[in-house]
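All remarks here apply to the structure that follows.
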Amino acid sequence: MSAMAVTQMGWVYGRCTRANHKASTALNTTMPTLGTGWDEPSLYTVKAVLIMDNDGERLYAKYYDDTYPTVKEQKAFEKNIFNKTHRTDSEIALLEGLTVVYKSNIDLYFYVIGSSHENELMLMSVLNCLFDSLSQMLRKNVEKRALLENMEGLFLAVDEIVDGGVILESDPQQVVHRVALRGDDVPLTEQTVTQVLQSAKEQIKWSLLR
Amino acid sequence: MIKKFDKKDEESGSGSNPFQHLEKSAVLQEARIFNETPINPRKCLHILTKIIYLLNQGEHFGTTEATEAFFAMTRLFQSNDQTLRRMCYLTIKEMANISEDVIIVTSSLTKDMTGKEDVYRGPAIRALCRITDTTMLQAIERYMKQAIVDKVPSVSSSALVSSLHMVKMSFDVVKRWVNEAQEAASSDNIMVQYHALGLLYHLRKNDRLAVTKMLNKFTKSGLKSPFAYCMMIRIASKLLEETEGGHDSPLFDFIESCLRNKHEMVVYEAASAIVHMPKCTARELAPAVSVLQLFCSSPKAALRYAAVRTLNKVAMKHPSAVTACNLDLENLITDSNRSIATLAITTLLKTGSESSVDRLMKQISSFVSEISDEFKVVVVQAISALCQKYPRKHGVMMNFLSNMLRDDGGFEYKRAIVDCIISIIEDNLETKETGLAHLCEFIEDCEHTVLATKILHLLGKEGPRTPTPSKYIRFIFNRVVLESEAVRAAAISALAKFGAQNDDLLPSVLVLMQRCMMDSDDEVRDRATFYVNVLLQKQKALNAGYILNGLSVSVPGLERSLHQYTLEPSEKGFDMKTVPLATAPITEQKTEITPVATSKLPEKLSPSRQVIYQEQLAAIPEFQGLGPLFKSSEPVQLTEAETEYVVRCIKHTFANHMIFQFDCTNTLNDQLLQRVMVQMEPSEAYEVLHYVPAASLYYSQPGSCYCLVRLPEDDPTAVSCTFSCTMKYLVRDCDPNTGEPDDDGYDDEYVLEDLEVTVADHIQKVLKPNFGAAWEEVGDEFEKEETFALATVRTLEEAVNNIISFLGMQPCERSDKVPESKNSHVLFLAGVFRGGHDVLVRSRLALADGVTMQVTVRSSDENVVDVILASVG
């Protein structure tokens, strides 16, 4: 009888202390970040760059470290981000312990993700550079259709902006210059339309002068 | 490419995706076109784009198919189409880990990286370094060095960043490029400068002197790049932290000067660095806080967010420093970015006055459903802190918390709320009933087993002592009917506690419990059977020992002892008294935490320090046969902080012996100490049995020596004793640089401060969750009572603290908290005396001129009662 009592009570006791213990270790694991403030100074700033459409579907995703090692975890994270951000246009949020800066345009959502200790303005400069570069490359026509027709331009641009988590370039002019898509390789309807208009104008002008 | 969009696609929606229904196999089939001559750049480009798109979507490529596609792709290097070549680089990088034999493109890439086309060179370097290993790196070392100092910024940056990536893999090779990196650091291009600085730091970070030199150089010459400034600020603040240098150091001046930089990014980085410095005074914070205040009214959301988040951190430690920003923060509480609004409100809650609480809470509850869990946790923590600050506001808070508890949310969030409610209940007796009611409602629909069991445990502890315990029974029994095994078992335990304490409820509890004796889970069944049988005995002592107050041994200790017992079977039964006692959990764990809830790290169960000590002591042959370690004290300093030798003592108590462990540190770098021991002269009848010296003490490496003492057996009441201690050792002078000691030395000694052994060293703290039951269980066989007058003590609180620290016992029923403006108080203390005798103390205190104290002691052993009373008097 008493031997049984021992095991019984041990179990009861174990349960409630374990709950307490968990709480305290969870505190401990987060504590060091408070005390020391910074991680090792490093150039590794960006954890991920994401672009989604207005259904939250991934159009582009590049993860630079193994915060989310599997595709499944990545998709879950993306879903969470999208749900928390797509209704509000507020530029910055803290999600799953990570700082997320974002921007939306028509039917596209751009995200840059970094550690919560990271300088938010640095992440912002990456986001702005990405957006402005694409905006130039797509002739201000930053929407899903145009982006999908220029996927290679997007791939090359992101590759010039961030390399393995390090900010490689923050000046959109430079990025556009380096991506160096040839003019005729930007098959935008707008461009052809303006060209047509231009030639039409010329013709009208000449006909009027005549 | 536009032609590929036919009418059908266009009609299916404006956002139609040409990549939507890509089949991996079809794309790989298409990739055969790479082998055609002449190469059609446009088609090939489109197929490469598709491949990268698929990889990007997380599509899995098998090694064979990836290798096949990769090899086909290598043919495309024959084309001179720029975009196509660049896409080849990307494909190489993407496939570096999936395909085999990627190194075959090495020569093509090397050619591109040294070629004339600047557009190719940077990306080629990055692709090449992605596929290179240490041995091959040496082959391209020459080109890398040239590339680092190349005048084209994109080439130089690419080389520097790639080098940084390779530091992890081939540190020794990359280290040889320091001079090139140094040269690049003075580049005019802002990114090159930033990358060079980052690489230099990574190569030198273990050499503090080199880092300091580097910092000095760049702080003098100034930098162009704001990114580089941020990096420098981080390095400087890390260096400051490591050296624990005063804030008058040039490093601090540098960081402060960055507050006046023209780039917001740098200014913010500097402000944030200052805020995060440990031991920062209010005066040093002031300039940082004022720039953050300016940022609060910035049109950029990111900047406002950054500022208010940092101010929130300041408010945790220096609320007064932030009060100046209150007006700016007030403007932010209606910010359209909810994160900013939440941070502003929680900051204001920390700095504001009691009168503003209601208004702020109202504001925050209007949008609490819109913010992310992380911030909800921040809000709960702020509330928790607030409840401690303004206990009278608990009504508002409790309402708010219960509403939050009803909303959706993750585990971390719910746990924060439950913890907060529990702490409010414990601090304020009046809130107990409402708090318990909210929690009951919560467990009705709670998916988190951990929280449900925790709440059930609390209900079992607190419920029976409320005016109407019967109303909780329904909630608890519902759990038995509806929940998983773990929750059912916890519910049974809680029920049993009601039965044990409320006689009128006992029959109904028994009926309910008997139903559970047929449960499908054996743990639940066993518990029910066990409790029913205990309850049927109707003995107070049994109830107290087996239901209300659990075992007070440490569970890992019990496991260890039982394992030991099964290894060495003996005739004797297992003795519970040999199991080390659980040290009372530290209840004050209310620390502020950052809103970061990344508890992804595996939680390790570290062995308690007592277990560590026990193993250390058991390894010393002289200390065999002393029995289990009963208690280890906190370290006592026996020297001043800044002396030649630093000695601290830990007192280990056994059943009839004590071991003094002296942790000595030699702070003189020109001395080696050998045969170090601490000689002890007891003032009482304590007998020094044995010394274990430390063989040698090198500079700044701590070592331990021990002293074994027998406690006086004939006089069990002699619990306190003073030892005069002298450290004796052999000194050998040595060379401070090499540490090489002289051949001969001389004996020397060093007088330490006296060491006191008090009654607290003989008592282990034990928490009795139900003191009343424990009091009855021990019984009044050896009860003694005496009254003392404490003339020197002015307040009840002071008296309570004095008694607790003097006796070293665990306060129970939260009786260590003295309610405000009361003239009398009852303190309950519990502990176990050396040898395993329970001892309980009830101390009634009354405040008149001084404090009058009536002490009642109960124990299972008469001597112990005498010891306690004698030592108090």
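Identifiers in this document derive from the order of the structure tokens: chains are assigned A, B, ..., residues are numbered from 1 separately in each chain, and ligands are numbered from 1 in order of occurrence.
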
**Asked** If we count only C-alpha atoms, what is near segment 469-486 of chain B at a cut-off of 7 Å, once residues fewer than 5 positions away on the same chain are taken out, given as a PyMOL selection string?
**Response** chain B and resi 440+463-464+491+521+524

Near-segment 107-122 of chain A list (6 Å; only C-alpha atoms; drop same-chain fewer than 3 positions) as a PDB file with C-alpha atoms, in the first residue's frame:
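What follows is the written file around-v7.pdb:
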```
ATOM      1  CA  VAL A  46      18.360  38.713 -43.941  1.00  0.00           C
ATOM      2  CA  LYS A  47      16.719  35.438 -43.052  1.00  0.00           C
ATOM      3  CA  ALA A  48      14.327  35.284 -45.977  1.00  0.00           C
ATOM      4  CA  VAL A  49      12.864  37.185 -48.926  1.00  0.00           C
ATOM      5  CA  LEU A  50       9.317  36.294 -49.931  1.00  0.00           C
ATOM      6  CA  ILE A  51       6.907  37.403 -52.597  1.00  0.00           C
ATOM      7  CA  MET A  52       3.295  36.234 -52.528  1.00  0.00           C
ATOM      8  CA  ASP A  53       0.205  36.949 -54.551  1.00  0.00           C
ATOM      9  CA  ASN A  54      -3.088  38.132 -53.124  1.00  0.00           C
ATOM     10  CA  LEU A  98      11.096  37.341 -36.297  1.00  0.00           C
ATOM     11  CA  THR A  99      10.887  40.866 -37.614  1.00  0.00           C
ATOM     12  CA  VAL A 100       8.926  41.021 -40.862  1.00  0.00           C
ATOM     13  CA  VAL A 101       8.941  44.144 -43.012  1.00  0.00           C
ATOM     14  CA  TYR A 102       6.528  44.161 -45.896  1.00  0.00           C
ATOM     15  CA  LYS A 103       4.948  46.116 -48.667  1.00  0.00           C
ATOM     16  CA  SER A 104       2.097  45.391 -50.984  1.00  0.00           C
ATOM     17  CA  SER A 125      16.450  49.153 -47.024  1.00  0.00           C
ATOM     18  CA  LEU A 127      12.757  45.706 -49.055  1.00  0.00           C
ATOM     19  CA  GLU A 143       1.825  43.495 -60.546  1.00  0.00           C
TER      20      GLU A 143
ATOM     21  CA  MET B 265      19.758  53.675 -39.654  1.00  0.00           C
TER      22      MET B 265
END
```

**Item:** atom CA of Leu168 of chain A to atom CA of Tyr89 of chain B, straight-line distance in Å
**Value:** 16.3 Å

**Request:** Tell me, as a ChimeraX atom specification, which residues lie within 12 Å of segment 27-36 of chain B, counting only C-alpha atoms; anything in the same chain fewer than 4 positions away does not count.
**Result:** /B:19,21-23,40-55,61-62,64-79,84,88

**Asked** Hey, which of A:Ser135, A:Thr45, A:Ser90, A:Asn83 ends up closest to chain B? Count only C-alpha atoms.
**Response**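 Using only C-alpha atoms, chain B sits closest to A:Ser90.
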
**Message:** My list of candidates is A:Lys144, A:Gly56, A:Gln74, A:Phe131. Which is closest to chain B when distances are computed with only C-alpha atoms?
**Reply:**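 Nearest to chain B: A:Lys144.
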
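Between atom CA of Met404 of chain B and atom CA of His457 of chain B lies a distance of 21.9 Å.
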
**Request:** Just the helix (DSSP H, G or I) stuff from segment 67-146 of chain A, please, per backbone DSSP, written as a PyMOL selection string.
**Result:** chain A and resi 71-85+120-137+144-146

Those same residues - C-alpha atoms - I'd like them written as an mmCIF file, in the first residue's frame.
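Saved to out.cif:
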```cif
data_model
loop_
_atom_site.group_PDB
_atom_site.id
_atom_site.type_symbol
_atom_site.label_atom_id
_atom_site.label_comp_id
_atom_site.auth_asym_id
_atom_site.auth_seq_id
_atom_site.Cartn_x
_atom_site.Cartn_y
_atom_site.Cartn_z
ATOM 1 C CA VAL A 71 9.172 23.171 -47.208
ATOM 2 C CA LYS A 72 6.285 22.287 -44.942
ATOM 3 C CA GLU A 73 7.470 24.597 -42.167
ATOM 4 C CA GLN A 74 8.198 27.328 -44.710
ATOM 5 C CA LYS A 75 4.711 27.142 -46.154
ATOM 6 C CA ALA A 76 3.167 27.207 -42.697
ATOM 7 C CA PHE A 77 5.222 30.269 -41.832
ATOM 8 C CA GLU A 78 4.238 31.958 -45.084
ATOM 9 C CA LYS A 79 0.603 31.241 -44.407
ATOM 10 C CA ASN A 80 0.877 32.738 -40.954
ATOM 11 C CA ILE A 81 2.626 35.827 -42.273
ATOM 12 C CA PHE A 82 0.105 36.330 -45.012
ATOM 13 C CA ASN A 83 -2.869 35.960 -42.696
ATOM 14 C CA LYS A 84 -1.420 38.477 -40.281
ATOM 15 C CA THR A 85 -0.404 41.054 -42.835
ATOM 16 C CA GLU A 120 14.611 47.196 -38.699
ATOM 17 C CA LEU A 121 15.814 49.972 -40.975
ATOM 18 C CA MET A 122 18.392 47.672 -42.564
ATOM 19 C CA LEU A 123 15.675 45.197 -43.426
ATOM 20 C CA MET A 124 13.616 48.079 -44.718
ATOM 21 C CA SER A 125 16.450 49.153 -47.024
ATOM 22 C CA VAL A 126 16.507 45.639 -48.524
ATOM 23 C CA LEU A 127 12.757 45.706 -49.055
ATOM 24 C CA ASN A 128 12.845 49.133 -50.647
ATOM 25 C CA CYS A 129 15.733 48.164 -52.882
ATOM 26 C CA LEU A 130 13.920 45.054 -54.063
ATOM 27 C CA PHE A 131 10.714 46.937 -54.718
ATOM 28 C CA ASP A 132 12.336 49.880 -56.469
ATOM 29 C CA SER A 133 14.507 47.645 -58.626
ATOM 30 C CA LEU A 134 11.527 45.619 -59.737
ATOM 31 C CA SER A 135 9.538 48.771 -60.265
ATOM 32 C CA GLN A 136 12.194 50.066 -62.641
ATOM 33 C CA MET A 137 12.607 46.758 -64.402
ATOM 34 C CA LYS A 144 1.606 39.751 -60.698
ATOM 35 C CA ARG A 145 1.207 39.389 -64.480
ATOM 36 C CA ALA A 146 4.202 41.518 -65.300
#
```

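For Gln193 of chain B, the residues within 7 Å (counting only C-alpha atoms, excluding itself and residues fewer than 4 positions away along the chain) are Ala184, Ala185, Ser186, Ser187, Asn189, Leu197, Ser225 and Ala228 of chain B.
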
Please produce a file of those selected residues containing C-alpha atoms, as an mmCIF file, in the first residue's frame.
```
data_model
loop_
_atom_site.group_PDB
_atom_site.id
_atom_site.type_symbol
_atom_site.label_atom_id
_atom_site.label_comp_id
_atom_site.auth_asym_id
_atom_site.auth_seq_id
_atom_site.Cartn_x
_atom_site.Cartn_y
_atom_site.Cartn_z
ATOM 1 C CA ALA B 184 39.129 46.970 -49.788
ATOM 2 C CA ALA B 185 37.981 48.470 -46.473
ATOM 3 C CA SER B 186 39.211 51.873 -47.557
ATOM 4 C CA SER B 187 37.253 51.659 -50.798
ATOM 5 C CA ASN B 189 32.097 52.238 -52.527
ATOM 6 C CA LEU B 197 34.699 45.391 -42.582
ATOM 7 C CA SER B 225 28.745 53.458 -45.513
ATOM 8 C CA ALA B 228 29.512 49.781 -42.053
#
```

**Asked** Distance atom CA of Asp663 of chain B-atom CA of Glu687 of chain B, one decimal place?
**Response**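 Those two atoms sit 21.6 Å apart.
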
**Message:** Report as a ChimeraX atom specification all protein, DNA and RNA residues lying within 12 Å of Ser423 of chain B, evaluated on only C-alpha atoms, omitting residues in the same chain fewer than 2 positions from it.
**Reply:** /B:380-381,383-388,391,394,398,416-421,425-429,431-432,435-436,458,587-590,814

**Request:** May I have the residues within 7 Å of Leu285 of chain B as a PyMOL selection string, using only C-alpha atoms and disregarding those fewer than 4 positions away in the same chain?
**Result:** chain B and resi 274-275+280-281+289

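Comparing B:Ile443, B:Met136, B:Met361, B:Ala494 by their smallest distance to chain A, the closest is B:Ala494 (using only C-alpha atoms).
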
**Message:** So that I can see what lies close to Leu327 of chain B, please list as a ChimeraX atom specification the residues with an atom at most 12 Å from it, counting only C-alpha atoms and leaving out residues fewer than 3 positions away in the same chain.
**Reply:** /B:293-294,296-297,322-324,330-333,344-345,347-348,351-352

**Request:** Apply DSSP to the structure's backbone, then extract all residues of segment 19-182 of chain A labelled strand (DSSP E) and return them as number ranges by chain.
**Result:** A: 46-53, 58-63, 92-95, 98-105, 108-115, 162-163, 166-167

Selection from above, C-alpha atoms, as a PDB file, in the first residue's frame, can you write it?
```pdb
ATOM      1  CA  VAL A  46      18.360  38.713 -43.941  1.00  0.00           C
ATOM      2  CA  LYS A  47      16.719  35.438 -43.052  1.00  0.00           C
ATOM      3  CA  ALA A  48      14.327  35.284 -45.977  1.00  0.00           C
ATOM      4  CA  VAL A  49      12.864  37.185 -48.926  1.00  0.00           C
ATOM      5  CA  LEU A  50       9.317  36.294 -49.931  1.00  0.00           C
ATOM      6  CA  ILE A  51       6.907  37.403 -52.597  1.00  0.00           C
ATOM      7  CA  MET A  52       3.295  36.234 -52.528  1.00  0.00           C
ATOM      8  CA  ASP A  53       0.205  36.949 -54.551  1.00  0.00           C
ATOM      9  CA  ARG A  58       4.248  31.724 -52.944  1.00  0.00           C
ATOM     10  CA  LEU A  59       5.577  33.350 -56.098  1.00  0.00           C
ATOM     11  CA  TYR A  60       9.109  33.602 -54.823  1.00  0.00           C
ATOM     12  CA  ALA A  61      10.729  32.440 -51.607  1.00  0.00           C
ATOM     13  CA  LYS A  62      14.348  32.391 -50.648  1.00  0.00           C
ATOM     14  CA  TYR A  63      15.387  31.315 -47.169  1.00  0.00           C
ATOM     15  CA  ILE A  92       6.280  46.008 -40.158  1.00  0.00           C
ATOM     16  CA  ALA A  93       5.344  43.232 -37.746  1.00  0.00           C
ATOM     17  CA  LEU A  94       6.842  40.765 -35.310  1.00  0.00           C
ATOM     18  CA  LEU A  95       5.890  37.180 -36.051  1.00  0.00           C
ATOM     19  CA  LEU A  98      11.096  37.341 -36.297  1.00  0.00           C
ATOM     20  CA  THR A  99      10.887  40.866 -37.614  1.00  0.00           C
ATOM     21  CA  VAL A 100       8.926  41.021 -40.862  1.00  0.00           C
ATOM     22  CA  VAL A 101       8.941  44.144 -43.012  1.00  0.00           C
ATOM     23  CA  TYR A 102       6.528  44.161 -45.896  1.00  0.00           C
ATOM     24  CA  LYS A 103       4.948  46.116 -48.667  1.00  0.00           C
ATOM     25  CA  SER A 104       2.097  45.391 -50.984  1.00  0.00           C
ATOM     26  CA  ASN A 105       1.313  46.638 -54.444  1.00  0.00           C
ATOM     27  CA  LEU A 108       1.737  41.401 -54.856  1.00  0.00           C
ATOM     28  CA  TYR A 109       3.079  41.156 -51.330  1.00  0.00           C
ATOM     29  CA  PHE A 110       6.779  41.620 -50.693  1.00  0.00           C
ATOM     30  CA  TYR A 111       8.373  40.458 -47.448  1.00  0.00           C
ATOM     31  CA  VAL A 112      11.850  40.682 -45.974  1.00  0.00           C
ATOM     32  CA  ILE A 113      12.461  38.756 -42.786  1.00  0.00           C
ATOM     33  CA  GLY A 114      15.206  39.102 -40.216  1.00  0.00           C
ATOM     34  CA  SER A 115      15.954  38.316 -36.599  1.00  0.00           C
ATOM     35  CA  VAL A 162      21.082  39.529 -51.045  1.00  0.00           C
ATOM     36  CA  ASP A 163      23.722  36.818 -51.177  1.00  0.00           C
ATOM     37  CA  VAL A 166      24.300  39.238 -46.590  1.00  0.00           C
ATOM     38  CA  ILE A 167      23.076  42.485 -48.097  1.00  0.00           C
TER      39      ILE A 167
END
```
